[in-house]
file query-v4.pdb (PDB, C-alpha atoms)
ATOM      1  CA  GLY A   1       0.000   0.000   0.000  1.00  0.00           C
ATOM      2  CA  LEU A   2       2.777   2.439   0.865  1.00  0.00           C
ATOM      3  CA  LEU A   3       4.559   1.602  -2.378  1.00  0.00           C
ATOM      4  CA  ALA A   4       1.367   2.184  -4.349  1.00  0.00           C
ATOM      5  CA  VAL A   5       0.821   5.617  -2.792  1.00  0.00           C
ATOM      6  CA  ALA A   6       4.439   6.638  -3.374  1.00  0.00           C
ATOM      7  CA  THR A   7       4.308   5.419  -6.971  1.00  0.00           C
ATOM      8  CA  PHE A   8       1.107   7.268  -7.777  1.00  0.00           C
ATOM      9  CA  CYS A   9       2.360  10.459  -6.162  1.00  0.00           C
ATOM     10  CA  SER A  10       5.429  10.289  -8.383  1.00  0.00           C
ATOM     11  CA  LEU A  11       3.338   9.608 -11.468  1.00  0.00           C
ATOM     12  CA  SER A  12       1.115  12.567 -10.667  1.00  0.00           C
ATOM     13  CA  ARG A  13       3.991  14.850 -11.558  1.00  0.00           C
ATOM     14  CA  ILE A  14       4.338  13.366 -15.059  1.00  0.00           C
ATOM     15  CA  HIS A  15       1.661  15.318 -16.892  1.00  0.00           C
ATOM     16  CA  GLU A  16       1.995  13.539 -20.233  1.00  0.00           C
ATOM     17  CA  SER A  17       1.497  10.019 -18.843  1.00  0.00           C
ATOM     18  CA  PRO A  18      -1.163   7.880 -20.561  1.00  0.00           C
ATOM     19  CA  PRO A  19      -4.026   6.521 -18.424  1.00  0.00           C
ATOM     20  CA  VAL A  20      -3.102   3.416 -16.475  1.00  0.00           C
ATOM     21  CA  LEU A  21      -5.274   0.981 -14.516  1.00  0.00           C
ATOM     22  CA  VAL A  22      -3.532  -0.833 -11.680  1.00  0.00           C
ATOM     23  CA  ALA A  23      -5.348  -3.547  -9.745  1.00  0.00           C
ATOM     24  CA  ILE A  24      -4.148  -3.883  -6.153  1.00  0.00           C
ATOM     25  CA  ALA A  25      -5.314  -7.061  -4.434  1.00  0.00           C
ATOM     26  CA  ILE A  26      -5.446  -5.982  -0.803  1.00  0.00           C
ATOM     27  CA  PRO A  27      -8.271  -5.771   1.742  1.00  0.00           C
ATOM     28  CA  SER A  28     -10.245  -2.549   2.036  1.00  0.00           C
ATOM     29  CA  LEU A  29      -7.743  -0.467   3.395  1.00  0.00           C
ATOM     30  CA  VAL A  30      -9.080  15.478   5.482  1.00  0.00           C
ATOM     31  CA  TRP A  31      -8.129  17.586   4.861  1.00  0.00           C
ATOM     32  CA  SER A  32      -9.687  17.837   8.303  1.00  0.00           C
ATOM     33  CA  PHE A  33     -10.791  21.408   8.560  1.00  0.00           C
ATOM     34  CA  GLU A  34     -12.979  23.768  10.523  1.00  0.00           C
ATOM     35  CA  PRO A  35     -15.048  26.157   8.382  1.00  0.00           C
ATOM     36  CA  VAL A  36     -13.160  29.200   7.186  1.00  0.00           C
ATOM     37  CA  VAL A  37     -15.282  32.301   7.578  1.00  0.00           C
ATOM     38  CA  ALA A  38     -12.519  34.814   7.095  1.00  0.00           C
ATOM     39  CA  ASP A  39     -12.583  36.832   3.913  1.00  0.00           C
ATOM     40  CA  SER A  40     -11.169  40.159   2.839  1.00  0.00           C
ATOM     41  CA  CYS A  41     -14.270  42.157   3.762  1.00  0.00           C
ATOM     42  CA  ARG A  42     -14.715  40.664   7.224  1.00  0.00           C
ATOM     43  CA  GLN A  43     -11.065  41.220   8.062  1.00  0.00           C
ATOM     44  CA  GLY A  44     -11.208  44.800   6.786  1.00  0.00           C
ATOM     45  CA  TRP A  45      -8.830  44.257   3.893  1.00  0.00           C
ATOM     46  CA  SER A  46     -10.937  45.983   1.227  1.00  0.00           C
ATOM     47  CA  VAL A  47     -10.723  49.714   0.634  1.00  0.00           C
ATOM     48  CA  ARG A  48     -12.862  52.336  -1.039  1.00  0.00           C
ATOM     49  CA  ALA A  49     -11.786  53.273  -4.531  1.00  0.00           C
ATOM     50  CA  ASP A  50     -11.320  56.927  -3.646  1.00  0.00           C
ATOM     51  CA  THR A  51      -8.835  56.087  -0.847  1.00  0.00           C
ATOM     52  CA  MET A  52      -6.460  53.878  -2.855  1.00  0.00           C
ATOM     53  CA  ASP A  53      -2.833  54.787  -3.344  1.00  0.00           C
ATOM     54  CA  PRO A  54      -2.102  54.883  -7.101  1.00  0.00           C
ATOM     55  CA  SER A  55       1.504  53.777  -6.555  1.00  0.00           C
ATOM     56  CA  ARG A  56       2.197  50.359  -8.028  1.00  0.00           C
ATOM     57  CA  ASP A  57       5.856  49.881  -7.063  1.00  0.00           C
ATOM     58  CA  MET A  58       5.260  48.122  -3.744  1.00  0.00           C
ATOM     59  CA  THR A  59       2.287  46.196  -5.167  1.00  0.00           C
ATOM     60  CA  ASP A  60       4.361  44.784  -8.009  1.00  0.00           C
ATOM     61  CA  MET A  61       7.260  43.906  -5.728  1.00  0.00           C
ATOM     62  CA  VAL A  62       5.142  42.096  -3.122  1.00  0.00           C
ATOM     63  CA  SER A  63       2.695  40.346  -5.478  1.00  0.00           C
ATOM     64  CA  GLY A  64       5.293  39.328  -8.034  1.00  0.00           C
ATOM     65  CA  SER A  65       6.734  36.566  -5.847  1.00  0.00           C
ATOM     66  CA  TRP A  66       3.485  34.572  -5.900  1.00  0.00           C
ATOM     67  CA  ARG A  67       2.363  32.205  -8.639  1.00  0.00           C
ATOM     68  CA  LYS A  68      -0.910  30.414  -9.317  1.00  0.00           C
ATOM     69  CA  GLY A  69      -0.743  26.965  -7.764  1.00  0.00           C
ATOM     70  CA  ASP A  70       1.652  27.917  -4.953  1.00  0.00           C
ATOM     71  CA  ARG A  71       0.898  26.012  -1.771  1.00  0.00           C
ATOM     72  CA  VAL A  72       0.422  28.574   1.005  1.00  0.00           C
ATOM     73  CA  GLN A  73      -0.934  29.226   4.463  1.00  0.00           C
ATOM     74  CA  VAL A  74      -3.127  32.240   5.192  1.00  0.00           C
ATOM     75  CA  TRP A  75      -3.752  33.592   8.680  1.00  0.00           C
ATOM     76  CA  SER A  76      -7.369  33.451   9.845  1.00  0.00           C
ATOM     77  CA  SER A  77      -8.036  36.080  12.500  1.00  0.00           C
ATOM     78  CA  SER A  78     -11.335  34.407  13.386  1.00  0.00           C
ATOM     79  CA  GLN A  79      -9.785  30.992  13.990  1.00  0.00           C
ATOM     80  CA  LYS A  80      -6.446  32.304  15.257  1.00  0.00           C
ATOM     81  CA  ALA A  81      -4.693  29.764  13.070  1.00  0.00           C
ATOM     82  CA  TRP A  82      -2.845  29.338   9.784  1.00  0.00           C
ATOM     83  CA  ILE A  83      -5.135  27.843   7.132  1.00  0.00           C
ATOM     84  CA  GLU A  84      -3.740  25.847   4.221  1.00  0.00           C
ATOM     85  CA  GLY A  85      -4.640  26.622   0.626  1.00  0.00           C
ATOM     86  CA  ARG A  86      -3.289  27.342  -2.831  1.00  0.00           C
ATOM     87  CA  VAL A  87      -2.848  30.568  -4.761  1.00  0.00           C
ATOM     88  CA  ASP A  88      -5.761  30.672  -7.182  1.00  0.00           C
ATOM     89  CA  LYS A  89      -5.242  34.075  -8.814  1.00  0.00           C
ATOM     90  CA  ILE A  90      -3.287  37.321  -8.630  1.00  0.00           C
ATOM     91  CA  LEU A  91      -5.565  40.228  -9.498  1.00  0.00           C
ATOM     92  CA  SER A  92      -4.391  42.167 -12.553  1.00  0.00           C
ATOM     93  CA  GLU A  93      -6.999  44.877 -11.935  1.00  0.00           C
ATOM     94  CA  ASN A  94      -9.209  46.146  -9.143  1.00  0.00           C
ATOM     95  CA  TYR A  95     -12.132  43.917  -8.174  1.00  0.00           C
ATOM     96  CA  VAL A  96     -15.276  45.782  -7.072  1.00  0.00           C
ATOM     97  CA  ARG A  97     -17.563  43.927  -4.680  1.00  0.00           C
ATOM     98  CA  GLU A  98     -21.333  44.264  -4.578  1.00  0.00           C
ATOM     99  CA  ASP A  99     -21.100  46.419  -1.449  1.00  0.00           C
ATOM    100  CA  GLY A 100     -18.892  48.939  -3.260  1.00  0.00           C
ATOM    101  CA  THR A 101     -15.620  47.980  -1.616  1.00  0.00           C
ATOM    102  CA  VAL A 102     -12.622  47.379  -3.847  1.00  0.00           C
ATOM    103  CA  VAL A 103     -10.114  44.575  -3.636  1.00  0.00           C
ATOM    104  CA  PRO A 104      -6.990  46.290  -5.010  1.00  0.00           C
ATOM    105  CA  VAL A 105      -4.899  45.194  -7.956  1.00  0.00           C
ATOM    106  CA  GLY A 106      -2.096  42.836  -6.945  1.00  0.00           C
ATOM    107  CA  SER A 107      -4.202  41.086  -4.323  1.00  0.00           C
ATOM    108  CA  VAL A 108      -3.662  37.343  -4.020  1.00  0.00           C
ATOM    109  CA  ARG A 109      -6.729  35.121  -4.053  1.00  0.00           C
ATOM    110  CA  VAL A 110      -6.194  31.992  -1.955  1.00  0.00           C
ATOM    111  CA  ALA A 111      -8.489  28.980  -2.343  1.00  0.00           C
ATOM    112  CA  THR A 112      -8.904  27.116   0.940  1.00  0.00           C
ATOM    113  CA  ALA A 113     -11.082  24.117   1.704  1.00  0.00           C
ATOM    114  CA  ARG A 114     -13.984  26.353   2.739  1.00  0.00           C
ATOM    115  CA  ALA A 115     -13.631  29.725   1.047  1.00  0.00           C
ATOM    116  CA  ASN A 116     -11.717  32.003  -1.300  1.00  0.00           C
ATOM    117  CA  ILE A 117      -9.743  34.618   0.622  1.00  0.00           C
ATOM    118  CA  TYR A 118      -8.396  37.822  -0.956  1.00  0.00           C
ATOM    119  CA  VAL A 119      -5.163  39.125   0.521  1.00  0.00           C
ATOM    120  CA  PRO A 120      -4.239  42.667  -0.590  1.00  0.00           C
ATOM    121  CA  PRO A 121      -0.611  43.691  -1.185  1.00  0.00           C
ATOM    122  CA  SER A 122      -0.480  45.640   2.060  1.00  0.00           C
ATOM    123  CA  LYS A 123      -1.268  42.486   4.081  1.00  0.00           C
ATOM    124  CA  ILE A 124       0.653  39.841   2.159  1.00  0.00           C
ATOM    125  CA  LEU A 125       3.812  40.020   4.266  1.00  0.00           C
ATOM    126  CA  ASP A 126       1.773  39.726   7.476  1.00  0.00           C
ATOM    127  CA  VAL A 127      -0.837  37.063   6.729  1.00  0.00           C
ATOM    128  CA  LEU A 128       0.418  34.952   3.824  1.00  0.00           C
ATOM    129  CA  ARG A 129       3.316  32.538   3.751  1.00  0.00           C
ATOM    130  CA  LYS A 130       4.486  29.852   1.365  1.00  0.00           C
ATOM    131  CA  VAL A 131       4.551  26.229   2.412  1.00  0.00           C
ATOM    132  CA  VAL A 132       8.104  25.023   1.985  1.00  0.00           C
ATOM    133  CA  ASP A 133       7.059  21.466   2.802  1.00  0.00           C
ATOM    134  CA  GLU A 134       6.857  19.704  -0.558  1.00  0.00           C
ATOM    135  CA  SER A 135       5.322  16.535   0.856  1.00  0.00           C
ATOM    136  CA  ALA A 136       2.468  15.122  -1.211  1.00  0.00           C
ATOM    137  CA  VAL A 137      -1.101  15.609   0.006  1.00  0.00           C
ATOM    138  CA  ILE A 138      -2.944  12.277   0.208  1.00  0.00           C
ATOM    139  CA  ALA A 139      -6.728  12.754   0.419  1.00  0.00           C
ATOM    140  CA  VAL A 140      -8.504   9.659   1.719  1.00  0.00           C
ATOM    141  CA  VAL A 141     -12.244   9.553   1.002  1.00  0.00           C
ATOM    142  CA  ALA A 142     -13.182   7.916   4.271  1.00  0.00           C
ATOM    143  CA  PRO A 143     -16.486   6.139   3.473  1.00  0.00           C
ATOM    144  CA  GLY A 144     -15.455   2.761   2.089  1.00  0.00           C
ATOM    145  CA  ALA A 145     -11.702   3.245   2.565  1.00  0.00           C
ATOM    146  CA  GLY A 146     -11.440   1.051   5.657  1.00  0.00           C
ATOM    147  CA  VAL A 147     -10.131   3.811   7.898  1.00  0.00           C
ATOM    148  CA  LYS A 148     -10.552   1.678  11.020  1.00  0.00           C
ATOM    149  CA  ALA A 149      -9.630  -1.708   9.556  1.00  0.00           C
ATOM    150  CA  ASN A 150      -6.506  -0.320   7.913  1.00  0.00           C
ATOM    151  CA  ASN A 151      -5.577   2.132  10.654  1.00  0.00           C
ATOM    152  CA  ASP A 152      -2.021   0.772  10.898  1.00  0.00           C
ATOM    153  CA  ALA A 153      -1.422   1.339   7.186  1.00  0.00           C
ATOM    154  CA  TYR A 154      -2.763   4.903   7.270  1.00  0.00           C
ATOM    155  CA  ARG A 155      -0.748   5.685  10.390  1.00  0.00           C
ATOM    156  CA  GLU A 156       2.416   4.481   8.668  1.00  0.00           C
ATOM    157  CA  VAL A 157       1.734   6.771   5.709  1.00  0.00           C
ATOM    158  CA  LYS A 158       1.069   9.715   8.024  1.00  0.00           C
ATOM    159  CA  GLU A 159       4.354   9.127   9.818  1.00  0.00           C
ATOM    160  CA  ASP A 160       6.244   9.238   6.518  1.00  0.00           C
ATOM    161  CA  ASN A 161       7.451  12.809   5.977  1.00  0.00           C
ATOM    162  CA  ARG A 162       6.942  12.449   2.221  1.00  0.00           C
ATOM    163  CA  PHE A 163       3.170  12.564   2.734  1.00  0.00           C
ATOM    164  CA  ARG A 164       0.454  14.559   4.449  1.00  0.00           C
ATOM    165  CA  VAL A 165      -2.756  12.586   4.916  1.00  0.00           C
ATOM    166  CA  HIS A 166      -6.186  14.246   5.070  1.00  0.00           C
ATOM    167  CA  PHE A 167      -9.401  12.285   5.611  1.00  0.00           C
ATOM    168  CA  LEU A 168     -12.430  13.540   3.714  1.00  0.00           C
ATOM    169  CA  GLY A 169     -15.744  12.733   5.326  1.00  0.00           C
ATOM    170  CA  HIS A 170     -16.624  10.044   7.846  1.00  0.00           C
ATOM    171  CA  ARG A 171     -18.132   6.592   7.798  1.00  0.00           C
ATOM    172  CA  GLY A 172     -21.713   6.340   9.037  1.00  0.00           C
ATOM    173  CA  GLU A 173     -22.753   9.940   8.324  1.00  0.00           C
ATOM    174  CA  ARG A 174     -26.150  10.622   6.709  1.00  0.00           C
ATOM    175  CA  TYR A 175     -24.524  10.855   3.268  1.00  0.00           C
ATOM    176  CA  ASP A 176     -22.839   7.454   3.650  1.00  0.00           C
ATOM    177  CA  ARG A 177     -25.369   5.605   1.502  1.00  0.00           C
ATOM    178  CA  TYR A 178     -25.780   4.767  -2.160  1.00  0.00           C
ATOM    179  CA  PRO A 179     -27.773   7.103  -4.459  1.00  0.00           C
ATOM    180  CA  GLU A 180     -31.295   6.348  -5.661  1.00  0.00           C
ATOM    181  CA  TYR A 181     -30.336   4.573  -8.888  1.00  0.00           C
ATOM    182  CA  TRP A 182     -28.713   1.786  -6.838  1.00  0.00           C
ATOM    183  CA  ASP A 183     -30.803  -1.066  -5.392  1.00  0.00           C
ATOM    184  CA  GLY A 184     -31.777   0.081  -1.926  1.00  0.00           C
ATOM    185  CA  GLY A 185     -30.354   3.541  -2.616  1.00  0.00           C
ATOM    186  CA  ALA A 186     -31.633   6.792  -1.127  1.00  0.00           C
ATOM    187  CA  PRO A 187     -32.109  10.432  -2.148  1.00  0.00           C
ATOM    188  CA  PRO A 188     -29.576  13.104  -1.100  1.00  0.00           C
ATOM    189  CA  PRO A 189     -27.713  13.366   1.108  1.00  0.00           C
ATOM    190  CA  ASN A 190     -25.888  10.345  -0.277  1.00  0.00           C
ATOM    191  CA  LEU A 191     -22.436   9.488  -1.579  1.00  0.00           C
ATOM    192  CA  GLU A 192     -23.148  11.188  -4.893  1.00  0.00           C
ATOM    193  CA  SER A 193     -24.069  14.494  -3.236  1.00  0.00           C
ATOM    194  CA  PHE A 194     -21.054  14.074  -0.937  1.00  0.00           C
ATOM    195  CA  GLY A 195     -18.790  13.827  -3.997  1.00  0.00           C
ATOM    196  CA  GLU A 196     -20.376  16.943  -5.485  1.00  0.00           C
ATOM    197  CA  LYS A 197     -19.698  18.761  -2.214  1.00  0.00           C
ATOM    198  CA  LEU A 198     -16.028  17.793  -2.374  1.00  0.00           C
ATOM    199  CA  ILE A 199     -15.850  19.367  -5.840  1.00  0.00           C
ATOM    200  CA  VAL A 200     -17.529  22.605  -4.762  1.00  0.00           C
ATOM    201  CA  GLU A 201     -15.269  22.950  -1.713  1.00  0.00           C
ATOM    202  CA  GLY A 202     -12.167  22.112  -3.739  1.00  0.00           C
ATOM    203  CA  GLU A 203     -10.849  19.524  -1.306  1.00  0.00           C
ATOM    204  CA  ALA A 204     -10.368  16.739  -3.830  1.00  0.00           C
ATOM    205  CA  ALA A 205      -8.783  18.942  -6.492  1.00  0.00           C
ATOM    206  CA  ARG A 206      -6.082  20.154  -4.095  1.00  0.00           C
ATOM    207  CA  ALA A 207      -4.830  16.636  -3.396  1.00  0.00           C
ATOM    208  CA  ASP A 208      -1.765  15.139  -5.050  1.00  0.00           C
ATOM    209  CA  CYS A 209      -3.319  11.687  -4.796  1.00  0.00           C
ATOM    210  CA  LEU A 210      -6.761  10.316  -3.868  1.00  0.00           C
ATOM    211  CA  VAL A 211      -7.328   7.084  -1.962  1.00  0.00           C
ATOM    212  CA  LEU A 212     -10.783   5.517  -2.158  1.00  0.00           C
ATOM    213  CA  GLY A 213     -12.239   2.085  -1.498  1.00  0.00           C
ATOM    214  CA  SER A 214     -15.387   0.084  -2.163  1.00  0.00           C
ATOM    215  CA  ARG A 215     -18.388   2.451  -2.288  1.00  0.00           C
ATOM    216  CA  GLY A 216     -16.055   5.436  -2.519  1.00  0.00           C
ATOM    217  CA  GLY A 217     -14.621   4.017  -5.728  1.00  0.00           C
ATOM    218  CA  GLN A 218     -18.066   3.040  -6.999  1.00  0.00           C
ATOM    219  CA  VAL A 219     -19.860   6.340  -6.389  1.00  0.00           C
ATOM    220  CA  VAL A 220     -17.636   9.190  -5.171  1.00  0.00           C
ATOM    221  CA  LEU A 221     -14.765   8.813  -7.646  1.00  0.00           C
ATOM    222  CA  PRO A 222     -16.997   8.813 -10.772  1.00  0.00           C
ATOM    223  CA  VAL A 223     -18.599  12.020  -9.461  1.00  0.00           C
ATOM    224  CA  LEU A 224     -15.163  13.604  -9.006  1.00  0.00           C
ATOM    225  CA  TRP A 225     -14.135  12.501 -12.499  1.00  0.00           C
ATOM    226  CA  ARG A 226     -17.252  14.031 -14.052  1.00  0.00           C
ATOM    227  CA  GLY A 227     -16.650  17.317 -12.272  1.00  0.00           C
ATOM    228  CA  LEU A 228     -12.868  17.604 -12.520  1.00  0.00           C
ATOM    229  CA  GLY A 229     -12.195  15.795 -15.798  1.00  0.00           C
ATOM    230  CA  ASN A 230      -8.525  15.747 -16.750  1.00  0.00           C
ATOM    231  CA  ASN A 231      -7.716  17.909 -13.721  1.00  0.00           C
ATOM    232  CA  SER A 232      -8.516  14.947 -11.479  1.00  0.00           C
ATOM    233  CA  PRO A 233      -5.657  13.865  -9.215  1.00  0.00           C
ATOM    234  CA  PRO A 234      -4.322  10.322  -9.620  1.00  0.00           C
ATOM    235  CA  ALA A 235      -6.235   7.796  -7.538  1.00  0.00           C
ATOM    236  CA  VAL A 236      -5.564   4.570  -5.686  1.00  0.00           C
ATOM    237  CA  VAL A 237      -8.850   2.646  -5.819  1.00  0.00           C
ATOM    238  CA  ILE A 238      -9.022  -0.215  -3.351  1.00  0.00           C
ATOM    239  CA  ASN A 239     -11.186  -3.066  -4.707  1.00  0.00           C
ATOM    240  CA  GLY A 240     -11.440  -1.287  -8.091  1.00  0.00           C
ATOM    241  CA  GLY A 241     -15.046  -0.152  -7.687  1.00  0.00           C
ATOM    242  CA  CYS A 242     -14.776   2.361 -10.520  1.00  0.00           C
ATOM    243  CA  ALA A 243     -14.047  -0.487 -12.983  1.00  0.00           C
ATOM    244  CA  MET A 244     -17.191  -2.456 -12.151  1.00  0.00           C
ATOM    245  CA  SER A 245     -20.385  -2.529 -14.185  1.00  0.00           C
ATOM    246  CA  LEU A 246     -22.163   0.219 -12.258  1.00  0.00           C
ATOM    247  CA  PRO A 247     -25.744   1.509 -12.334  1.00  0.00           C
ATOM    248  CA  GLY A 248     -26.519   5.127 -13.132  1.00  0.00           C
ATOM    249  CA  PRO A 249     -24.521   7.505 -15.360  1.00  0.00           C
ATOM    250  CA  ALA A 250     -21.694   5.988 -17.380  1.00  0.00           C
ATOM    251  CA  VAL A 251     -18.310   6.377 -15.701  1.00  0.00           C
ATOM    252  CA  GLN A 252     -16.247   8.993 -17.572  1.00  0.00           C
ATOM    253  CA  TRP A 253     -12.615   7.960 -17.174  1.00  0.00           C
ATOM    254  CA  PRO A 254     -10.295  10.992 -17.478  1.00  0.00           C
ATOM    255  CA  GLN A 255      -7.685  10.557 -20.194  1.00  0.00           C
ATOM    256  CA  ASN A 256      -4.879  12.135 -18.172  1.00  0.00           C
ATOM    257  CA  ALA A 257      -5.519  10.808 -14.650  1.00  0.00           C
ATOM    258  CA  VAL A 258      -3.444   7.831 -13.539  1.00  0.00           C
ATOM    259  CA  THR A 259      -5.651   5.373 -11.643  1.00  0.00           C
TER     260      THR A 259
END
call {"tool": "encode", "arguments": {"input": "query-v4.pdb", "output": "structure tokens"}}
result
Amino acid sequence: GLLAVATFCSLSRIHESPPVLVAIAIPSLVWSFEPVVADSCRQGWSVRADTMDPSRDMTDMVSGSWRKGDRVQVWSSSQKAWIEGRVDKILSENYVREDGTVVPVGSVRVATARANIYVPPSKILDVLRKVVDESAVIAVVAPGAGVKANNDAYREVKEDNRFRVHFLGHRGERYDRYPEYWDGGAPPPNLESFGEKLIVEGEAARADCLVLGSRGGQVVLPVLWRGLGNNSPPAVVINGGCAMSLPGPAVQWPQNAVT
């Protein structure tokens, strides 16, 4: 299992790799996060257009060191903690909000698991920092992944400094059931709506590798593939649920995602 995760993490960095299906015959083997409510308005980082300094020198100097995709941490004043995310955009022009406040040019938009946070140039040095840890993020979709049965294996991965393991969801929650088009399935919340939630919140897309098992591979992974397409991270699918003859919408295998 450890070798499989390490191999897939390495393959995830080879963007031109053809699709590969690997069957792993092993038993069923989160980004754990509190909601982020901080945003630029609530933290007082927006300014009125008529109060902005027209000087661009400092803006260019501070914002120029950030690139889309950078792994970062942003300070949340509400949670009193550093929140992990990725740089999603550097504003090339002012962004006017509905309430009339302006997010100034050069601001860095950070996508976290719960929200997009705008950090203006004047606050970047104080509340934004790059993550120098290049360890791969392993996102385990908990329902079906045998979190309890395979606890020793997951603990070993977590103790390996090459990886950071986040568990997405929990077994036994209301959504931990098959959708309606399965025999004995149920309406939302179900595993299909849970997968759609992971797409909206961006948790799956920020992983370097997904680990799913059984019903996670049967239901959640096809949902992620439909929503993320070729941007899907590589996946280790315990029991190969995604390759079964499944009810409901046809499974759309991404052409560029190693699985």
call {"tool": "residues_around", "arguments": {"input": "query-v4.pdb", "residues": "A:Leu221", "least_positions_apart": "2", "cutoff": "12 Å", "atoms": "all atoms listed in the file", "output": "PyMOL selection string"}}
result
chain A and resi 140-141+143-144+191-196+198-199+204-205+210-219+223-229+232-238+240-243+251-254+257+259
call {"tool": "residues_near_point", "arguments": {"input": "query-v4.pdb", "point": "(-7.9, 33.9, -2.2)", "cutoff": "9 Å", "atoms": "all atoms listed in the file", "output": "ChimeraX atom specification"}}
result
/A:39-40,74,85-90,107-112,115-119
call {"tool": "atom_distance", "arguments": {"input": "query-v4.pdb", "atom1": "atom CA of A:Val72", "atom2": "atom CA of A:Leu128"}}
result
7.0 Å
call {"tool": "axis_aligned_box", "arguments": {"input": "query-v4.pdb", "around": "stretch 172-179 of chain A", "padding_each_side": "4 Å", "output": "lines of an AutoDock Vina configuration file"}}
result
center_x = -24.7
center_y = 7.8
center_z = 2.3
size_x = 14.1
size_y = 14.1
size_z = 21.5
call {"tool": "atom_distance", "arguments": {"input": "query-v4.pdb", "atom1": "atom CA of A:Arg177", "atom2": "atom CA of A:Asp152"}}
result
25.6 Å
call {"tool": "atom_distance", "arguments": {"input": "query-v4.pdb", "atom1": "atom CA of A:Ala250", "atom2": "atom CA of A:Asn230"}}
result
16.4 Å
call {"tool": "closest_residue", "arguments": {"input": "query-v4.pdb", "among": "A:Gly184, A:Gly106, A:Gly69, A:Gly202", "to": "A:Asn94", "atoms": "only C-alpha atoms"}}
result
A:Gly106
call {"tool": "closest_residue", "arguments": {"input": "query-v4.pdb", "among": "A:Val165, A:Val200, A:Ala81, A:Met244", "to": "A:Ala113", "atoms": "only C-alpha atoms"}}
result
A:Val200
call {"tool": "residues_near_point", "arguments": {"input": "query-v4.pdb", "point": "(-2.6, 9.6, 8.6)", "cutoff": "12 Å", "atoms": "only C-alpha atoms", "output": "NGL selection string"}}
result
:A and (2 or 30-32 or 137-140 or 142 or 147-148 or 150-168 or 211)
call {"tool": "write_last_selection", "arguments": {"input": "query-v4.pdb", "atoms": "C-alpha atoms", "output": "PDB file, in the coordinates of the input"}}
result
ATOM      1  CA  LEU A   2       2.777   2.439   0.865  1.00  0.00           C
ATOM      2  CA  VAL A  30      -9.080  15.478   5.482  1.00  0.00           C
ATOM      3  CA  TRP A  31      -8.129  17.586   4.861  1.00  0.00           C
ATOM      4  CA  SER A  32      -9.687  17.837   8.303  1.00  0.00           C
ATOM      5  CA  VAL A 137      -1.101  15.609   0.006  1.00  0.00           C
ATOM      6  CA  ILE A 138      -2.944  12.277   0.208  1.00  0.00           C
ATOM      7  CA  ALA A 139      -6.728  12.754   0.419  1.00  0.00           C
ATOM      8  CA  VAL A 140      -8.504   9.659   1.719  1.00  0.00           C
ATOM      9  CA  ALA A 142     -13.182   7.916   4.271  1.00  0.00           C
ATOM     10  CA  VAL A 147     -10.131   3.811   7.898  1.00  0.00           C
ATOM     11  CA  LYS A 148     -10.552   1.678  11.020  1.00  0.00           C
ATOM     12  CA  ASN A 150      -6.506  -0.320   7.913  1.00  0.00           C
ATOM     13  CA  ASN A 151      -5.577   2.132  10.654  1.00  0.00           C
ATOM     14  CA  ASP A 152      -2.021   0.772  10.898  1.00  0.00           C
ATOM     15  CA  ALA A 153      -1.422   1.339   7.186  1.00  0.00           C
ATOM     16  CA  TYR A 154      -2.763   4.903   7.270  1.00  0.00           C
ATOM     17  CA  ARG A 155      -0.748   5.685  10.390  1.00  0.00           C
ATOM     18  CA  GLU A 156       2.416   4.481   8.668  1.00  0.00           C
ATOM     19  CA  VAL A 157       1.734   6.771   5.709  1.00  0.00           C
ATOM     20  CA  LYS A 158       1.069   9.715   8.024  1.00  0.00           C
ATOM     21  CA  GLU A 159       4.354   9.127   9.818  1.00  0.00           C
ATOM     22  CA  ASP A 160       6.244   9.238   6.518  1.00  0.00           C
ATOM     23  CA  ASN A 161       7.451  12.809   5.977  1.00  0.00           C
ATOM     24  CA  ARG A 162       6.942  12.449   2.221  1.00  0.00           C
ATOM     25  CA  PHE A 163       3.170  12.564   2.734  1.00  0.00           C
ATOM     26  CA  ARG A 164       0.454  14.559   4.449  1.00  0.00           C
ATOM     27  CA  VAL A 165      -2.756  12.586   4.916  1.00  0.00           C
ATOM     28  CA  HIS A 166      -6.186  14.246   5.070  1.00  0.00           C
ATOM     29  CA  PHE A 167      -9.401  12.285   5.611  1.00  0.00           C
ATOM     30  CA  LEU A 168     -12.430  13.540   3.714  1.00  0.00           C
ATOM     31  CA  VAL A 211      -7.328   7.084  -1.962  1.00  0.00           C
TER      32      VAL A 211
END
call {"tool": "decode", "arguments": {"input": "query-v4.pdb", "residues": "stretch 222-237 of chain A", "atoms": "C-alpha atoms", "output": "CSV table (one decimal), in the first residue's frame"}}
result
chain,number,residue,atom,x,y,z
A,222,PRO,CA,-17.0,8.8,-10.8
A,223,VAL,CA,-18.6,12.0,-9.5
A,224,LEU,CA,-15.2,13.6,-9.0
A,225,TRP,CA,-14.1,12.5,-12.5
A,226,ARG,CA,-17.3,14.0,-14.1
A,227,GLY,CA,-16.6,17.3,-12.3
A,228,LEU,CA,-12.9,17.6,-12.5
A,229,GLY,CA,-12.2,15.8,-15.8
A,230,ASN,CA,-8.5,15.7,-16.7
A,231,ASN,CA,-7.7,17.9,-13.7
A,232,SER,CA,-8.5,14.9,-11.5
A,233,PRO,CA,-5.7,13.9,-9.2
A,234,PRO,CA,-4.3,10.3,-9.6
A,235,ALA,CA,-6.2,7.8,-7.5
A,236,VAL,CA,-5.6,4.6,-5.7
A,237,VAL,CA,-8.8,2.6,-5.8
